[in-house]
Amino acid sequence: QMEYQELSKQEADSKQALEEATACLEEAKKLAKIVEEEKLRNDKEESEVMEPALSKKANAIKEKEKLAEEAAETHKIVQENETMNQNNITAYEATYSDLQQKLQDAKARLARAHSEYEDLQKKKT
């Protein structure tokens, strides 16, 4: 039962991490759109303020690439965690099933032993 609760918590944590990664990816998309809009505006102003606009453009592109890399890495980590958690769940389910079978076998052996004991008691009397 505790293992199942731990698995549920791991699954919830994994889902939360996936939601956070998705939010990060959405934010990266918004920032990328902003960067593209800024790039267009800077292109129009280049003739008047070449140096500052080109510097801003380069920084925006670097930031966009950095955010995209971070988002991709976060997404990769979340996927790895999802896989690991699913593997853990599968392993725990198999262990649980095995233990349930052992419990059933033990109950059956106990019932047979009890029945044999009662038969012996009846034969004594």
# chains A, B, ... in the order shown; residues from 1 in each chain; ligands from 1
$ residues_around --residues "range 15-25 of chain A" --least-positions-apart "4" --cutoff "8 Å" --atoms "only C-alpha atoms" --output "list in words"
Glu11, Lys29, Ala68, Ala71, Ala72, Thr74, His75, Val78 and Gln79 of chain A
$ residues_around --residues "Asn59 in chain A" --least-positions-apart "6" --cutoff "12 Å" --atoms "only C-alpha atoms" --output "list in words"
Val35, Glu38, Lys39, Pro52, Ala53, Glu65 and Lys66 of chain A
$ atom_distance --atom1 "CA of Met84 in chain A" --atom2 "CA of Gln5 in chain A"
16.5 Å
$ residues_around --residues "Asn87 in chain A" --least-positions-apart "5" --cutoff "12 Å" --atoms "only C-alpha atoms" --output "PyMOL selection string"
chain A and resi 7+10-11+80-82+92-94
$ write_last_selection --atoms "N, CA, C and O atoms" --output "PDB file, in the first residue's frame"
ATOM      1  N   LEU A   7       4.158   5.575  -5.452  1.00  0.00           N
ATOM      2  CA  LEU A   7       4.040   5.621  -6.914  1.00  0.00           C
ATOM      3  C   LEU A   7       3.074   6.720  -7.321  1.00  0.00           C
ATOM      4  O   LEU A   7       3.328   7.447  -8.286  1.00  0.00           O
ATOM      5  N   GLN A  10       4.897   9.899  -6.948  1.00  0.00           N
ATOM      6  CA  GLN A  10       5.870  10.045  -8.039  1.00  0.00           C
ATOM      7  C   GLN A  10       5.165  10.419  -9.332  1.00  0.00           C
ATOM      8  O   GLN A  10       5.633  11.275 -10.078  1.00  0.00           O
ATOM      9  N   GLU A  11       4.029   9.785  -9.568  1.00  0.00           N
ATOM     10  CA  GLU A  11       3.296  10.092 -10.796  1.00  0.00           C
ATOM     11  C   GLU A  11       2.807  11.541 -10.767  1.00  0.00           C
ATOM     12  O   GLU A  11       2.908  12.260 -11.754  1.00  0.00           O
ATOM     13  N   GLU A  80      12.565  11.610 -19.417  1.00  0.00           N
ATOM     14  CA  GLU A  80      13.354  10.561 -18.764  1.00  0.00           C
ATOM     15  C   GLU A  80      12.727  10.181 -17.422  1.00  0.00           C
ATOM     16  O   GLU A  80      12.654   8.996 -17.079  1.00  0.00           O
ATOM     17  N   ASN A  81      12.278  11.188 -16.663  1.00  0.00           N
ATOM     18  CA  ASN A  81      11.638  10.913 -15.378  1.00  0.00           C
ATOM     19  C   ASN A  81      10.334  10.152 -15.562  1.00  0.00           C
ATOM     20  O   ASN A  81      10.033   9.234 -14.787  1.00  0.00           O
ATOM     21  N   GLU A  82       9.570  10.526 -16.573  1.00  0.00           N
ATOM     22  CA  GLU A  82       8.325   9.819 -16.869  1.00  0.00           C
ATOM     23  C   GLU A  82       8.612   8.338 -17.155  1.00  0.00           C
ATOM     24  O   GLU A  82       7.934   7.458 -16.647  1.00  0.00           O
ATOM     25  N   TYR A  92       6.868  -2.237  -9.467  1.00  0.00           N
ATOM     26  CA  TYR A  92       6.108  -2.349  -8.216  1.00  0.00           C
ATOM     27  C   TYR A  92       4.829  -3.150  -8.426  1.00  0.00           C
ATOM     28  O   TYR A  92       4.438  -3.947  -7.562  1.00  0.00           O
ATOM     29  N   GLU A  93       4.186  -2.954  -9.552  1.00  0.00           N
ATOM     30  CA  GLU A  93       2.968  -3.716  -9.833  1.00  0.00           C
ATOM     31  C   GLU A  93       3.283  -5.199  -9.943  1.00  0.00           C
ATOM     32  O   GLU A  93       2.528  -6.042  -9.457  1.00  0.00           O
ATOM     33  N   ALA A  94       4.397  -5.533 -10.581  1.00  0.00           N
ATOM     34  CA  ALA A  94       4.797  -6.936 -10.711  1.00  0.00           C
ATOM     35  C   ALA A  94       5.099  -7.519  -9.330  1.00  0.00           C
ATOM     36  O   ALA A  94       4.688  -8.648  -9.013  1.00  0.00           O
TER      37      ALA A  94
END
$ atom_distance --atom1 "CA of Lys76 in chain A" --atom2 "CA of Glu36 in chain A"
25.3 Å
$ closest_residue --among "A:Leu40, A:Ala106, A:Ala12, A:Ile77" --to "Lys57 in chain A" --atoms "only C-alpha atoms"
A:Leu40
$ decode --residues "range 21-52 of chain A" --atoms "N, CA and C atoms" --output "PDB file, in the first residue's frame"
ATOM      1  N   ALA A  21       7.354  21.951 -17.471  1.00  0.00           N
ATOM      2  CA  ALA A  21       8.143  21.961 -18.704  1.00  0.00           C
ATOM      3  C   ALA A  21       7.312  22.508 -19.862  1.00  0.00           C
ATOM      4  N   THR A  22       6.053  22.122 -19.907  1.00  0.00           N
ATOM      5  CA  THR A  22       5.159  22.620 -20.950  1.00  0.00           C
ATOM      6  C   THR A  22       4.998  24.131 -20.822  1.00  0.00           C
ATOM      7  N   ALA A  23       4.831  24.608 -19.602  1.00  0.00           N
ATOM      8  CA  ALA A  23       4.722  26.051 -19.379  1.00  0.00           C
ATOM      9  C   ALA A  23       6.007  26.750 -19.816  1.00  0.00           C
ATOM     10  N   CYS A  24       7.136  26.126 -19.523  1.00  0.00           N
ATOM     11  CA  CYS A  24       8.434  26.689 -19.933  1.00  0.00           C
ATOM     12  C   CYS A  24       8.529  26.755 -21.451  1.00  0.00           C
ATOM     13  N   LEU A  25       8.082  25.695 -22.116  1.00  0.00           N
ATOM     14  CA  LEU A  25       8.098  25.695 -23.580  1.00  0.00           C
ATOM     15  C   LEU A  25       7.177  26.782 -24.135  1.00  0.00           C
ATOM     16  N   GLU A  26       6.013  26.963 -23.534  1.00  0.00           N
ATOM     17  CA  GLU A  26       5.092  28.013 -23.978  1.00  0.00           C
ATOM     18  C   GLU A  26       5.727  29.389 -23.790  1.00  0.00           C
ATOM     19  N   GLU A  27       6.387  29.570 -22.655  1.00  0.00           N
ATOM     20  CA  GLU A  27       7.052  30.844 -22.389  1.00  0.00           C
ATOM     21  C   GLU A  27       8.165  31.065 -23.421  1.00  0.00           C
ATOM     22  N   ALA A  28       8.887  29.996 -23.738  1.00  0.00           N
ATOM     23  CA  ALA A  28       9.954  30.117 -24.743  1.00  0.00           C
ATOM     24  C   ALA A  28       9.377  30.509 -26.100  1.00  0.00           C
ATOM     25  N   LYS A  29       8.205  29.942 -26.435  1.00  0.00           N
ATOM     26  CA  LYS A  29       7.555  30.310 -27.701  1.00  0.00           C
ATOM     27  C   LYS A  29       7.181  31.793 -27.696  1.00  0.00           C
ATOM     28  N   LYS A  30       6.607  32.247 -26.561  1.00  0.00           N
ATOM     29  CA  LYS A  30       6.229  33.662 -26.463  1.00  0.00           C
ATOM     30  C   LYS A  30       7.468  34.548 -26.590  1.00  0.00           C
ATOM     31  N   LEU A  31       8.531  34.145 -25.888  1.00  0.00           N
ATOM     32  CA  LEU A  31       9.755  34.930 -25.963  1.00  0.00           C
ATOM     33  C   LEU A  31      10.344  34.903 -27.366  1.00  0.00           C
ATOM     34  N   ALA A  32      10.246  33.778 -28.032  1.00  0.00           N
ATOM     35  CA  ALA A  32      10.753  33.682 -29.405  1.00  0.00           C
ATOM     36  C   ALA A  32       9.968  34.613 -30.324  1.00  0.00           C
ATOM     37  N   LYS A  33       8.645  34.679 -30.106  1.00  0.00           N
ATOM     38  CA  LYS A  33       7.817  35.587 -30.908  1.00  0.00           C
ATOM     39  C   LYS A  33       8.214  37.043 -30.644  1.00  0.00           C
ATOM     40  N   ILE A  34       8.418  37.347 -29.365  1.00  0.00           N
ATOM     41  CA  ILE A  34       8.848  38.701 -29.002  1.00  0.00           C
ATOM     42  C   ILE A  34      10.193  39.012 -29.646  1.00  0.00           C
ATOM     43  N   VAL A  35      11.099  38.041 -29.611  1.00  0.00           N
ATOM     44  CA  VAL A  35      12.423  38.228 -30.210  1.00  0.00           C
ATOM     45  C   VAL A  35      12.294  38.488 -31.709  1.00  0.00           C
ATOM     46  N   GLU A  36      11.427  37.724 -32.374  1.00  0.00           N
ATOM     47  CA  GLU A  36      11.241  37.918 -33.814  1.00  0.00           C
ATOM     48  C   GLU A  36      10.660  39.301 -34.113  1.00  0.00           C
ATOM     49  N   GLU A  37       9.689  39.730 -33.290  1.00  0.00           N
ATOM     50  CA  GLU A  37       9.118  41.069 -33.485  1.00  0.00           C
ATOM     51  C   GLU A  37      10.182  42.147 -33.255  1.00  0.00           C
ATOM     52  N   GLU A  38      11.006  41.919 -32.235  1.00  0.00           N
ATOM     53  CA  GLU A  38      12.083  42.868 -31.944  1.00  0.00           C
ATOM     54  C   GLU A  38      13.087  42.894 -33.098  1.00  0.00           C
ATOM     55  N   LYS A  39      13.337  41.742 -33.658  1.00  0.00           N
ATOM     56  CA  LYS A  39      14.268  41.649 -34.787  1.00  0.00           C
ATOM     57  C   LYS A  39      13.764  42.480 -35.975  1.00  0.00           C
ATOM     58  N   LEU A  40      12.487  42.367 -36.254  1.00  0.00           N
ATOM     59  CA  LEU A  40      11.915  43.136 -37.362  1.00  0.00           C
ATOM     60  C   LEU A  40      12.003  44.643 -37.096  1.00  0.00           C
ATOM     61  N   ARG A  41      11.675  45.032 -35.873  1.00  0.00           N
ATOM     62  CA  ARG A  41      11.747  46.454 -35.521  1.00  0.00           C
ATOM     63  C   ARG A  41      13.185  46.959 -35.641  1.00  0.00           C
ATOM     64  N   ASN A  42      14.121  46.153 -35.155  1.00  0.00           N
ATOM     65  CA  ASN A  42      15.536  46.546 -35.229  1.00  0.00           C
ATOM     66  C   ASN A  42      16.020  46.667 -36.670  1.00  0.00           C
ATOM     67  N   ASP A  43      15.546  45.761 -37.505  1.00  0.00           N
ATOM     68  CA  ASP A  43      15.936  45.823 -38.922  1.00  0.00           C
ATOM     69  C   ASP A  43      15.530  47.153 -39.554  1.00  0.00           C
ATOM     70  N   LYS A  44      14.343  47.655 -39.154  1.00  0.00           N
ATOM     71  CA  LYS A  44      13.859  48.938 -39.697  1.00  0.00           C
ATOM     72  C   LYS A  44      14.707  50.112 -39.210  1.00  0.00           C
ATOM     73  N   GLU A  45      15.225  49.988 -38.010  1.00  0.00           N
ATOM     74  CA  GLU A  45      15.986  51.086 -37.419  1.00  0.00           C
ATOM     75  C   GLU A  45      17.484  51.016 -37.717  1.00  0.00           C
ATOM     76  N   GLU A  46      17.917  49.939 -38.335  1.00  0.00           N
ATOM     77  CA  GLU A  46      19.357  49.749 -38.563  1.00  0.00           C
ATOM     78  C   GLU A  46      20.012  50.920 -39.289  1.00  0.00           C
ATOM     79  N   SER A  47      19.302  51.493 -40.232  1.00  0.00           N
ATOM     80  CA  SER A  47      19.893  52.603 -40.999  1.00  0.00           C
ATOM     81  C   SER A  47      20.200  53.805 -40.106  1.00  0.00           C
ATOM     82  N   GLU A  48      19.419  54.010 -39.038  1.00  0.00           N
ATOM     83  CA  GLU A  48      19.631  55.152 -38.147  1.00  0.00           C
ATOM     84  C   GLU A  48      20.567  54.833 -36.977  1.00  0.00           C
ATOM     85  N   VAL A  49      20.401  53.652 -36.432  1.00  0.00           N
ATOM     86  CA  VAL A  49      21.184  53.288 -35.240  1.00  0.00           C
ATOM     87  C   VAL A  49      21.784  51.892 -35.415  1.00  0.00           C
ATOM     88  N   MET A  50      22.673  51.759 -36.362  1.00  0.00           N
ATOM     89  CA  MET A  50      23.237  50.468 -36.740  1.00  0.00           C
ATOM     90  C   MET A  50      23.871  49.707 -35.571  1.00  0.00           C
ATOM     91  N   GLU A  51      24.800  50.316 -34.874  1.00  0.00           N
ATOM     92  CA  GLU A  51      25.520  49.606 -33.797  1.00  0.00           C
ATOM     93  C   GLU A  51      24.594  49.081 -32.702  1.00  0.00           C
ATOM     94  N   PRO A  52      23.815  49.966 -32.040  1.00  0.00           N
ATOM     95  CA  PRO A  52      22.968  49.486 -30.944  1.00  0.00           C
ATOM     96  C   PRO A  52      21.945  48.441 -31.392  1.00  0.00           C
TER      97      PRO A  52
END
